[in-house]
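Source file structure-v5.txt; content: compact mmCIF, C-alpha atoms.
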```txt
# COMPACT_ATOMS: atom_id res chain seq x y z
CA MET A 1 -24.95 -12.89 63.15
CA LEU A 2 -26.05 -11.04 60.02
CA PRO A 3 -28.75 -12.89 58.10
CA SER A 4 -28.16 -13.90 54.47
CA ARG A 5 -30.84 -13.17 51.91
CA TYR A 6 -32.70 -16.23 50.69
CA GLN A 7 -35.43 -16.37 48.10
CA VAL A 8 -38.58 -18.43 48.40
CA ARG A 9 -38.54 -20.87 45.49
CA ARG A 10 -41.58 -22.92 46.36
CA VAL A 11 -44.25 -23.25 49.04
CA ARG A 12 -46.01 -26.56 49.49
CA ARG A 13 -49.01 -26.90 51.78
CA GLU A 14 -48.77 -29.99 54.01
CA ASN A 15 -52.07 -29.63 55.88
CA ALA A 16 -54.47 -26.94 57.10
CA ASP A 17 -51.90 -24.97 59.09
CA THR A 18 -48.53 -26.36 58.03
CA PHE A 19 -46.43 -25.66 54.97
CA THR A 20 -42.98 -26.49 53.59
CA MET A 21 -40.91 -23.73 52.07
CA GLU A 22 -37.93 -24.20 49.77
CA LEU A 23 -35.35 -21.43 50.10
CA THR A 24 -32.31 -20.69 47.93
CA ALA A 25 -29.50 -18.28 48.70
CA SER A 26 -29.76 -15.02 46.77
CA ASP A 27 -25.94 -14.75 46.71
CA GLN A 28 -22.94 -16.95 47.51
CA SER A 29 -22.94 -16.07 51.21
CA GLY A 30 -25.78 -18.41 52.11
CA SER A 31 -24.99 -21.92 53.25
CA VAL A 32 -26.89 -24.97 52.06
CA SER A 33 -24.99 -27.47 54.17
CA PHE A 34 -26.42 -28.64 57.48
CA ALA A 35 -26.61 -31.71 59.68
CA PRO A 36 -30.01 -33.37 60.24
CA GLY A 37 -31.62 -31.91 63.35
CA GLN A 38 -30.12 -28.43 63.07
CA PHE A 39 -32.19 -25.28 62.68
CA ASN A 40 -32.05 -21.88 61.00
CA MET A 41 -33.27 -18.54 62.27
CA LEU A 42 -35.71 -17.32 59.62
CA TYR A 43 -36.21 -13.57 59.53
CA VAL A 44 -39.29 -12.00 57.99
CA PHE A 45 -38.08 -8.44 57.40
CA GLY A 46 -39.99 -5.95 59.49
CA VAL A 47 -41.69 -8.68 61.51
CA GLY A 48 -39.14 -10.77 63.35
CA GLU A 49 -37.15 -14.00 63.59
CA ALA A 50 -38.11 -17.56 64.51
CA PRO A 51 -36.06 -20.75 64.86
CA ILE A 52 -37.24 -23.31 62.30
CA SER A 53 -35.68 -26.75 61.91
CA ILE A 54 -34.18 -27.63 58.55
CA CYS A 55 -36.17 -30.56 57.28
CA GLY A 56 -34.49 -31.24 53.95
CA LYS A 57 -32.18 -30.21 51.18
CA THR A 58 -32.93 -29.67 47.51
CA ARG A 59 -30.41 -29.25 44.68
CA ASN A 60 -29.96 -25.54 45.36
CA GLY A 61 -31.56 -24.90 48.67
CA LEU A 62 -33.03 -25.88 51.98
CA GLU A 63 -36.51 -26.88 53.08
CA HIS A 64 -38.26 -25.78 56.26
CA THR A 65 -41.62 -27.11 57.39
CA THR A 66 -43.46 -24.60 59.55
CA ARG A 67 -46.75 -24.50 61.38
CA THR A 68 -48.45 -21.14 61.70
CA VAL A 69 -48.69 -20.44 65.41
CA GLY A 70 -47.50 -16.87 65.94
CA THR A 71 -46.74 -13.57 64.23
CA VAL A 72 -43.52 -14.64 62.51
CA THR A 73 -44.72 -18.05 61.37
CA SER A 74 -47.99 -16.54 60.12
CA SER A 75 -45.96 -14.01 58.12
CA LEU A 76 -43.79 -16.83 56.78
CA GLY A 77 -46.97 -18.56 55.71
CA ARG A 78 -47.97 -15.55 53.61
CA LEU A 79 -44.71 -15.50 51.64
CA ARG A 80 -44.84 -16.54 47.99
CA ARG A 81 -42.36 -17.55 45.33
CA GLY A 82 -39.76 -14.82 44.80
CA ASP A 83 -40.18 -13.21 48.23
CA VAL A 84 -37.04 -12.75 50.30
CA VAL A 85 -36.32 -13.80 53.89
CA GLY A 86 -33.26 -13.49 56.07
CA VAL A 87 -31.57 -16.71 57.17
CA ARG A 88 -29.04 -17.22 59.96
CA GLY A 89 -27.62 -20.64 60.61
CA PRO A 90 -27.48 -23.56 60.63
CA TYR A 91 -27.30 -23.77 64.40
CA GLY A 92 -27.46 -26.40 67.09
CA SER A 93 -26.67 -30.04 67.63
CA CYS A 94 -27.71 -32.83 65.30
CA TRP A 95 -29.17 -36.35 65.41
CA PRO A 96 -26.57 -39.08 66.21
CA LEU A 97 -26.43 -40.68 62.78
CA ALA A 98 -22.91 -42.13 63.23
CA GLU A 99 -23.96 -43.76 66.50
CA ALA A 100 -27.01 -45.23 64.78
CA ALA A 101 -24.95 -47.08 62.16
CA GLY A 102 -25.20 -50.85 62.58
CA ARG A 103 -28.07 -50.59 65.05
CA ASP A 104 -31.84 -50.64 64.90
CA VAL A 105 -33.15 -47.10 64.69
CA VAL A 106 -36.46 -46.04 66.22
CA LEU A 107 -37.83 -42.60 65.47
CA VAL A 108 -40.80 -41.40 67.50
CA ALA A 109 -42.56 -38.30 66.20
CA GLY A 110 -45.62 -36.35 67.31
CA GLY A 111 -47.36 -33.89 64.98
CA ILE A 112 -44.96 -31.43 63.39
CA GLY A 113 -42.17 -33.12 65.36
CA LEU A 114 -41.66 -35.20 62.25
CA ALA A 115 -40.15 -32.19 60.44
CA PRO A 116 -36.87 -32.08 62.44
CA LEU A 117 -36.58 -35.86 61.98
CA ARG A 118 -37.26 -35.86 58.24
CA SER A 119 -33.74 -35.42 56.90
CA ALA A 120 -32.36 -37.88 59.48
CA LEU A 121 -34.99 -40.39 58.36
CA GLN A 122 -34.09 -39.92 54.69
CA THR A 123 -30.38 -40.42 55.44
CA ILE A 124 -30.95 -43.45 57.64
CA VAL A 125 -33.21 -45.22 55.13
CA ALA A 126 -30.72 -44.47 52.33
CA GLN A 127 -27.98 -46.15 54.41
CA ARG A 128 -30.22 -49.01 55.52
CA PRO A 129 -27.91 -51.86 54.37
CA LEU A 130 -25.55 -50.67 57.11
CA ARG A 131 -28.27 -50.84 59.69
CA HIS A 132 -30.85 -53.22 61.02
CA ARG A 133 -34.50 -52.17 61.32
CA VAL A 134 -35.53 -48.57 60.76
CA THR A 135 -38.84 -47.77 62.42
CA LEU A 136 -40.91 -44.61 62.49
CA ILE A 137 -43.68 -44.37 65.09
CA TYR A 138 -45.72 -41.33 64.19
CA GLY A 139 -48.66 -39.87 66.13
CA VAL A 140 -50.95 -37.22 64.72
CA ARG A 141 -54.24 -35.66 65.74
CA THR A 142 -56.10 -36.90 62.65
CA ALA A 143 -55.05 -38.64 59.45
CA GLU A 144 -55.45 -35.30 57.61
CA ASP A 145 -52.69 -33.81 59.78
CA MET A 146 -50.05 -36.27 58.58
CA LEU A 147 -46.97 -34.68 57.07
CA TYR A 148 -45.03 -35.98 54.03
CA ARG A 149 -47.58 -38.72 53.39
CA GLN A 150 -46.35 -39.72 49.89
CA GLU A 151 -42.74 -39.51 50.92
CA LEU A 152 -43.36 -41.82 53.88
CA GLU A 153 -45.03 -44.31 51.53
CA ARG A 154 -41.94 -44.24 49.32
CA LEU A 155 -39.66 -44.74 52.31
CA ARG A 156 -41.82 -47.66 53.41
CA ASP A 157 -41.24 -49.25 50.01
CA ARG A 158 -37.53 -48.88 50.70
CA GLY A 159 -37.69 -50.74 53.99
CA LEU A 160 -39.00 -48.27 56.57
CA GLN A 161 -41.25 -49.87 59.20
CA LEU A 162 -43.96 -47.25 59.47
CA TYR A 163 -46.48 -47.15 62.33
CA VAL A 164 -48.96 -44.30 62.36
CA THR A 165 -51.53 -43.65 65.04
CA VAL A 166 -54.18 -40.94 65.18
CA ASN A 167 -55.83 -39.34 68.19
CA ARG A 168 -59.17 -39.16 66.39
CA ALA A 169 -60.19 -41.52 63.62
CA THR A 170 -61.87 -39.64 60.80
CA GLY A 171 -63.20 -40.68 57.40
CA SER A 172 -61.95 -44.00 56.16
CA TRP A 173 -59.06 -44.36 58.61
CA HIS A 174 -58.55 -48.04 59.47
CA GLY A 175 -55.18 -47.78 61.19
CA ASN A 176 -54.18 -47.38 64.82
CA VAL A 177 -56.13 -45.07 67.10
CA GLY A 178 -54.58 -43.90 70.36
CA VAL A 179 -51.46 -42.26 71.67
CA VAL A 180 -48.03 -42.76 70.15
CA THR A 181 -46.63 -44.13 73.40
CA SER A 182 -49.00 -47.12 73.23
CA LEU A 183 -47.22 -48.30 70.06
CA ILE A 184 -43.74 -48.36 71.62
CA PRO A 185 -44.25 -51.70 73.44
CA ARG A 186 -45.74 -53.31 70.30
CA VAL A 187 -43.18 -52.43 67.66
CA PRO A 188 -40.42 -54.94 66.85
CA PHE A 189 -36.88 -53.65 67.48
CA ASP A 190 -33.91 -54.68 69.57
CA PRO A 191 -33.96 -52.38 72.62
CA LEU A 192 -30.43 -53.26 73.64
CA ASN A 193 -28.98 -52.49 70.23
CA CYS A 194 -30.90 -49.49 69.00
CA VAL A 195 -30.82 -45.73 68.89
CA ALA A 196 -34.06 -43.84 69.54
CA MET A 197 -34.71 -40.31 68.31
CA VAL A 198 -37.78 -38.54 69.66
CA CYS A 199 -39.35 -35.25 68.60
CA GLY A 200 -42.75 -33.76 69.32
CA PRO A 201 -44.65 -31.95 72.06
CA GLU A 202 -42.65 -32.12 75.29
CA LEU A 203 -45.24 -34.17 77.17
CA MET A 204 -45.28 -36.75 74.40
CA MET A 205 -41.47 -36.89 74.45
CA ARG A 206 -41.38 -37.43 78.21
CA PHE A 207 -43.84 -40.32 78.07
CA SER A 208 -42.12 -41.77 74.99
CA MET A 209 -38.80 -41.61 76.80
CA GLU A 210 -40.29 -43.47 79.78
CA GLU A 211 -41.79 -46.15 77.50
CA LEU A 212 -38.48 -46.61 75.68
CA ILE A 213 -36.64 -46.98 78.99
CA LYS A 214 -39.31 -49.44 80.18
CA ARG A 215 -38.76 -51.38 76.98
CA GLY A 216 -35.05 -51.64 77.84
CA VAL A 217 -33.46 -48.94 75.69
CA PRO A 218 -30.48 -47.44 77.58
CA GLU A 219 -30.85 -43.73 78.40
CA GLN A 220 -27.58 -43.07 76.60
CA ARG A 221 -29.19 -44.16 73.32
CA ILE A 222 -32.32 -42.04 73.55
CA PHE A 223 -32.16 -38.57 71.99
CA LEU A 224 -34.75 -35.82 72.29
CA SER A 225 -35.18 -32.56 70.40
CA LEU A 226 -36.27 -29.86 72.82
CA GLU A 227 -37.84 -26.48 72.23
CA ARG A 228 -37.78 -23.25 74.24
CA ASN A 229 -38.08 -19.60 73.38
CA MET A 230 -34.99 -18.62 71.45
CA LYS A 231 -33.62 -15.22 70.54
CA CYS A 232 -29.94 -15.01 69.59
CA ALA A 233 -29.42 -18.71 68.69
CA VAL A 234 -25.73 -18.53 69.64
CA GLY A 235 -25.82 -18.82 73.44
CA PHE A 236 -25.47 -15.12 74.34
CA CYS A 237 -28.92 -13.99 75.41
CA GLY A 238 -29.93 -16.83 77.76
CA HIS A 239 -33.55 -16.99 76.57
CA CYS A 240 -33.35 -20.72 75.91
CA GLN A 241 -31.41 -21.73 79.01
CA PHE A 242 -32.40 -25.18 80.29
CA GLY A 243 -30.60 -26.02 83.51
CA PRO A 244 -26.91 -25.73 82.67
CA GLU A 245 -27.57 -26.04 78.93
CA PHE A 246 -28.52 -23.61 76.21
CA LEU A 247 -30.92 -25.13 73.74
CA CYS A 248 -29.58 -23.11 70.83
CA LYS A 249 -25.94 -24.13 71.10
CA ASP A 250 -25.91 -27.30 73.28
CA GLY A 251 -29.21 -28.52 71.79
CA PRO A 252 -31.82 -28.68 70.47
CA ILE A 253 -30.95 -32.39 70.41
CA PHE A 254 -29.88 -33.85 73.72
CA ARG A 255 -29.04 -37.29 74.96
CA CYS A 256 -31.70 -38.35 77.43
CA ASP A 257 -29.36 -38.96 80.39
CA ARG A 258 -28.03 -35.38 80.10
CA ILE A 259 -31.38 -33.70 80.53
CA ARG A 260 -33.79 -36.19 82.08
CA ARG A 261 -33.60 -34.69 85.57
CA TRP A 262 -34.23 -31.15 84.28
CA LEU A 263 -37.46 -32.16 82.57
CA ASN A 264 -39.35 -32.38 85.86
CA ILE A 265 -38.39 -28.94 87.14
CA ALA A 266 -41.29 -26.60 86.48
CA GLU A 267 -39.17 -23.44 86.55
CA LEU A 268 -37.17 -24.63 83.55
CA MET B 1 -50.09 -76.46 66.07
CA GLN B 2 -49.89 -75.17 69.64
CA ASP B 3 -52.44 -76.44 72.13
CA LEU B 4 -54.70 -73.93 73.82
CA GLU B 5 -52.95 -74.13 77.17
CA THR B 6 -49.63 -73.18 75.54
CA ILE B 7 -51.23 -70.31 73.62
CA VAL B 8 -52.88 -69.00 76.78
CA VAL B 9 -49.85 -69.06 79.06
CA HIS B 10 -47.60 -67.53 76.41
CA HIS B 11 -49.84 -64.51 75.99
CA PRO B 12 -48.15 -61.44 77.56
CA PHE B 13 -51.15 -60.90 79.84
CA TRP B 14 -50.38 -64.11 81.73
CA GLN B 15 -46.60 -63.71 81.63
CA ASN B 16 -44.83 -65.20 84.69
CA LEU B 17 -48.05 -66.63 86.13
CA HIS B 18 -47.44 -69.64 88.38
CA GLN B 19 -47.51 -72.91 86.44
CA ARG B 20 -50.20 -74.37 88.67
CA TYR B 21 -52.79 -72.17 86.94
CA SER B 22 -51.87 -73.18 83.39
CA HIS B 23 -54.16 -76.17 83.23
CA PHE B 24 -57.10 -74.28 84.72
CA LEU B 25 -56.69 -71.40 82.26
CA GLY B 26 -56.41 -73.79 79.33
CA GLU B 27 -59.63 -75.43 80.45
CA CYS B 28 -61.73 -72.29 80.69
CA ALA B 29 -60.45 -70.77 77.45
CA GLY B 30 -61.46 -71.12 73.84
CA THR B 31 -60.54 -69.36 70.62
CA GLN B 32 -62.67 -67.30 68.30
CA HIS B 33 -62.02 -65.77 64.91
CA PHE B 34 -63.54 -62.46 63.84
CA ALA B 35 -63.64 -61.13 60.31
CA PRO B 36 -62.99 -57.44 59.59
CA GLN B 37 -65.94 -55.26 60.71
CA GLN B 38 -67.41 -58.07 62.79
CA GLN B 39 -68.71 -56.96 66.20
CA ILE B 40 -67.05 -58.67 69.18
CA PHE B 41 -69.27 -57.12 71.85
CA GLN B 42 -71.64 -54.18 72.15
CA THR B 43 -72.12 -51.39 74.67
CA GLY B 44 -74.69 -52.28 77.29
CA CYS B 45 -74.52 -56.04 76.76
CA GLU B 46 -73.54 -58.46 79.48
CA ALA B 47 -69.76 -58.67 79.89
CA ASP B 48 -69.56 -62.43 80.15
CA HIS B 49 -66.21 -63.01 78.44
CA PHE B 50 -62.66 -61.87 78.77
CA TYR B 51 -60.59 -61.63 75.57
CA LEU B 52 -56.89 -61.70 74.79
CA ILE B 53 -55.83 -60.68 71.30
CA GLU B 54 -53.71 -63.32 69.62
CA ARG B 55 -53.67 -61.82 66.12
CA GLY B 56 -55.22 -58.86 64.32
CA ARG B 57 -56.53 -55.45 65.39
CA VAL B 58 -59.60 -54.48 67.38
CA ALA B 59 -61.29 -51.08 67.68
CA LEU B 60 -62.88 -49.97 70.95
CA GLU B 61 -65.77 -47.72 70.02
CA THR B 62 -68.68 -45.70 71.33
CA PRO B 63 -72.27 -46.55 70.46
CA PHE B 64 -73.75 -44.49 67.63
CA ILE B 65 -73.83 -40.79 68.55
CA PRO B 66 -76.28 -38.68 66.54
CA GLY B 67 -74.37 -36.26 64.36
CA LYS B 68 -71.05 -37.93 65.04
CA GLY B 69 -71.58 -41.60 64.30
CA VAL B 70 -69.50 -44.27 65.96
CA ILE B 71 -66.21 -42.95 67.37
CA ILE B 72 -63.19 -45.20 67.70
CA ILE B 73 -61.56 -44.50 71.06
CA GLN B 74 -58.56 -46.76 70.73
CA THR B 75 -57.24 -49.70 68.76
CA LEU B 76 -55.71 -52.77 70.35
CA GLU B 77 -53.44 -55.38 68.80
CA ALA B 78 -51.92 -58.81 69.31
CA GLY B 79 -50.50 -59.26 72.79
CA GLU B 80 -53.06 -56.99 74.44
CA ALA B 81 -56.08 -57.65 76.67
CA LEU B 82 -59.54 -56.58 75.61
CA GLY B 83 -62.04 -55.39 78.21
CA TRP B 84 -62.26 -55.28 81.99
CA SER B 85 -65.98 -54.69 82.53
CA TRP B 86 -66.37 -58.47 83.00
CA LEU B 87 -64.48 -58.25 86.31
CA PHE B 88 -66.51 -55.50 87.99
CA PRO B 89 -70.24 -55.19 88.70
CA PRO B 90 -72.60 -54.64 86.95
CA PHE B 91 -70.66 -56.77 84.40
CA VAL B 92 -71.85 -54.73 81.44
CA TRP B 93 -69.69 -53.49 78.54
CA HIS B 94 -69.15 -49.73 78.67
CA PHE B 95 -67.93 -49.60 75.08
CA GLY B 96 -68.20 -51.80 72.04
CA ALA B 97 -65.43 -53.73 70.26
CA ARG B 98 -65.13 -54.55 66.58
CA ALA B 99 -62.47 -56.38 64.62
CA ILE B 100 -60.88 -54.18 61.96
CA GLN B 101 -58.55 -56.85 60.64
CA PRO B 102 -58.90 -60.63 60.61
CA THR B 103 -58.61 -61.24 64.34
CA ASP B 104 -58.01 -64.28 66.53
CA LEU B 105 -58.97 -64.02 70.17
CA VAL B 106 -58.49 -66.24 73.18
CA VAL B 107 -61.81 -66.14 75.01
CA PHE B 108 -62.34 -66.90 78.69
CA ASP B 109 -65.62 -67.53 80.44
CA ALA B 110 -65.83 -64.51 82.77
CA ARG B 111 -68.04 -66.23 85.36
CA PHE B 112 -65.56 -69.05 85.62
CA LEU B 113 -62.66 -66.63 86.15
CA ARG B 114 -64.60 -64.60 88.74
CA GLN B 115 -65.55 -67.70 90.66
CA LYS B 116 -61.97 -68.96 90.67
CA ALA B 117 -60.76 -65.56 91.83
CA SER B 118 -63.17 -65.52 94.77
CA GLU B 119 -62.25 -69.08 95.81
CA ASP B 120 -58.50 -68.81 95.29
CA HIS B 121 -57.34 -65.42 96.50
CA GLU B 122 -53.82 -65.88 95.21
CA PHE B 123 -55.23 -66.30 91.74
CA GLY B 124 -57.64 -63.43 92.42
CA TYR B 125 -54.72 -61.19 93.39
CA GLU B 126 -52.80 -62.13 90.23
CA LEU B 127 -55.84 -61.49 88.09
CA ALA B 128 -56.66 -58.16 89.75
CA MET B 129 -53.06 -56.96 89.44
CA ARG B 130 -52.90 -57.86 85.76
CA VAL B 131 -56.22 -56.25 84.93
CA GLY B 132 -55.23 -53.27 87.11
CA ASN B 133 -52.04 -52.87 85.09
CA VAL B 134 -54.02 -52.86 81.84
CA MET B 135 -56.35 -50.23 83.34
CA LEU B 136 -53.37 -48.13 84.43
CA GLN B 137 -51.90 -48.16 80.93
CA ARG B 138 -55.23 -47.27 79.35
CA LEU B 139 -55.82 -44.49 81.89
CA GLN B 140 -52.40 -42.97 81.16
CA ALA B 141 -53.06 -43.21 77.43
CA THR B 142 -56.47 -41.59 77.88
CA ARG B 143 -54.98 -38.73 79.90
CA LEU B 144 -52.47 -38.07 77.15
CA GLN B 145 -55.19 -38.27 74.54
CA LEU B 146 -57.25 -35.77 76.53
CA LEU B 147 -54.31 -33.40 76.54
CA ASP B 148 -54.34 -33.83 72.77
CA TYR B 149 -50.62 -34.07 72.89
CA GLY B 150 -50.57 -35.41 69.36
CA GLN B 151 -51.27 -31.95 68.05
CA PRO B 152 -48.41 -30.23 66.30
CA ARG B 153 -46.27 -28.29 68.74
```
Reformat the file's structure so that it appears as structure tokens.
Amino acid sequence: MLPSRYQVRRVRRENADTFTMELTASDQSGSVSFAPGQFNMLYVFGVGEAPISICGKTRNGLEHTTRTVGTVTSSLGRLRRGDVVGVRGPYGSCWPLAEAAGRDVVLVAGGIGLAPLRSALQTIVAQRPLRHRVTLIYGVRTAEDMLYRQELERLRDRGLQLYVTVNRATGSWHGNVGVVTSLIPRVPFDPLNCVAMVCGPELMMRFSMEELIKRGVPEQRIFLSLERNMKCAVGFCGHCQFGPEFLCKDGPIFRCDRIRRWLNIAEL
Amino acid sequence: MQDLETIVVHHPFWQNLHQRYSHFLGECAGTQHFAPQQQIFQTGCEADHFYLIERGRVALETPFIPGKGVIIIQTLEAGEALGWSWLFPPFVWHFGARAIQPTDLVVFDARFLRQKASEDHEFGYELAMRVGNVMLQRLQATRLQLLDYGQPR
């Protein structure tokens, strides 16, 4: 439960309110191994902790993409190279990469929901000869809000089918305009032999899930990454309870059929 | 090359329509090609055609708004239907449509379809249900867009 000390090695701005931070362990106690989809608790000393998904790995450290929305994330956003943060983790469940082998893979992301999918996407594209089509359907507010733009271009060159849609077309945008769910019926993949991984605002995930089911994807092959207020991250405090599950230790990634009925209960 | 009747009945909009309508639909349809940036129809003009997208991408857009320009509301692609103002009075387009890629459309004479629908209620029911389904999908998409759910969480 004690956080390890990590040093900020680099901060890269992704868009107006989102940044990616590379962290390396200040001593040998810090772990740099994780499974795609897991998260760390990042602790800004004197401010507080927040769960942030691990979005990638570098030679010596881990990357976290964060959007500034509250006190802790705003403080994280003010950190610079050499500053120290506390890190606990990695925690939580991961994306079903083994289950995805040999099948089409469809990733549906909304906004910063691409961050928890990023390392899964990198792994899947790297293993593409073992798989069929790999598709990313990505919805953002405007083209300027897109994350990892150059990296996505590189992955497209390596076989990723990339579909981006914006809520508002600005500047010279000539791509899709509209909601991410409207692309699900259009995109080519085999619904009966695919694994779908969905991450984004909860409303977007619910509608994406319904569209995927309508398209014929079995519920058992749809995975969602949920988010609730978290505190301890190890299933003690109950802050992130969701029906019979705890998001921190049973999630954040759940198979659709395990949680679908809980999604419509307002009290949860 | 496929004949027009085959193209029409294989479009997802007419999926599972009774065969007896195939010939009629083939007869009242034509095809049109639009180059990128070419206007398909404009806000306020008479909605006298119904379009199905066979290939390409079309932007639905507002008229010019001072200070904001033309705003694209939504893009539509192959397999989708374009427009429903042709089915309801006053038969005037509420928004404009412009091709943003080389686009092939199947074009129906709206008056012909409306007349057939009023004479043959079974066909009218089929048509209304199909257009209604398109409207339902667009309404749901618009609601989600209004909630701006695409914003980072």
Test item: chain B residues at most 12 Å from chain A, counting only C-alpha atoms, as a ChimeraX atom specification: /B:12,36-37,56-61,68-80,98-101,134,137-153
Long-range neighbours of Met41 (chain A) as a ChimeraX atom specification, 10 Å cut-off, all atoms listed in the file, 5 positions minimum in chain: /A:3,48-54,86-91,230-233
Given all atoms listed in the file as the counted atoms, nearest of B:His11, B:Glu5, B:Ala47, B:Ala35 to His23 (chain B):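 Of B:His11, B:Glu5, B:Ala47, B:Ala35, the one nearest His23 (chain B), counting all atoms listed in the file, is B:Glu5.
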Atomic distance CA of Pro36 (chain A) - CA of Ala120 (chain A), expressed in Å with one decimal: 5.1 Å
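Reported to one decimal place, the separation of CA of Val106 (chain B) from CA of Glu54 (chain B) is 6.6 Å.
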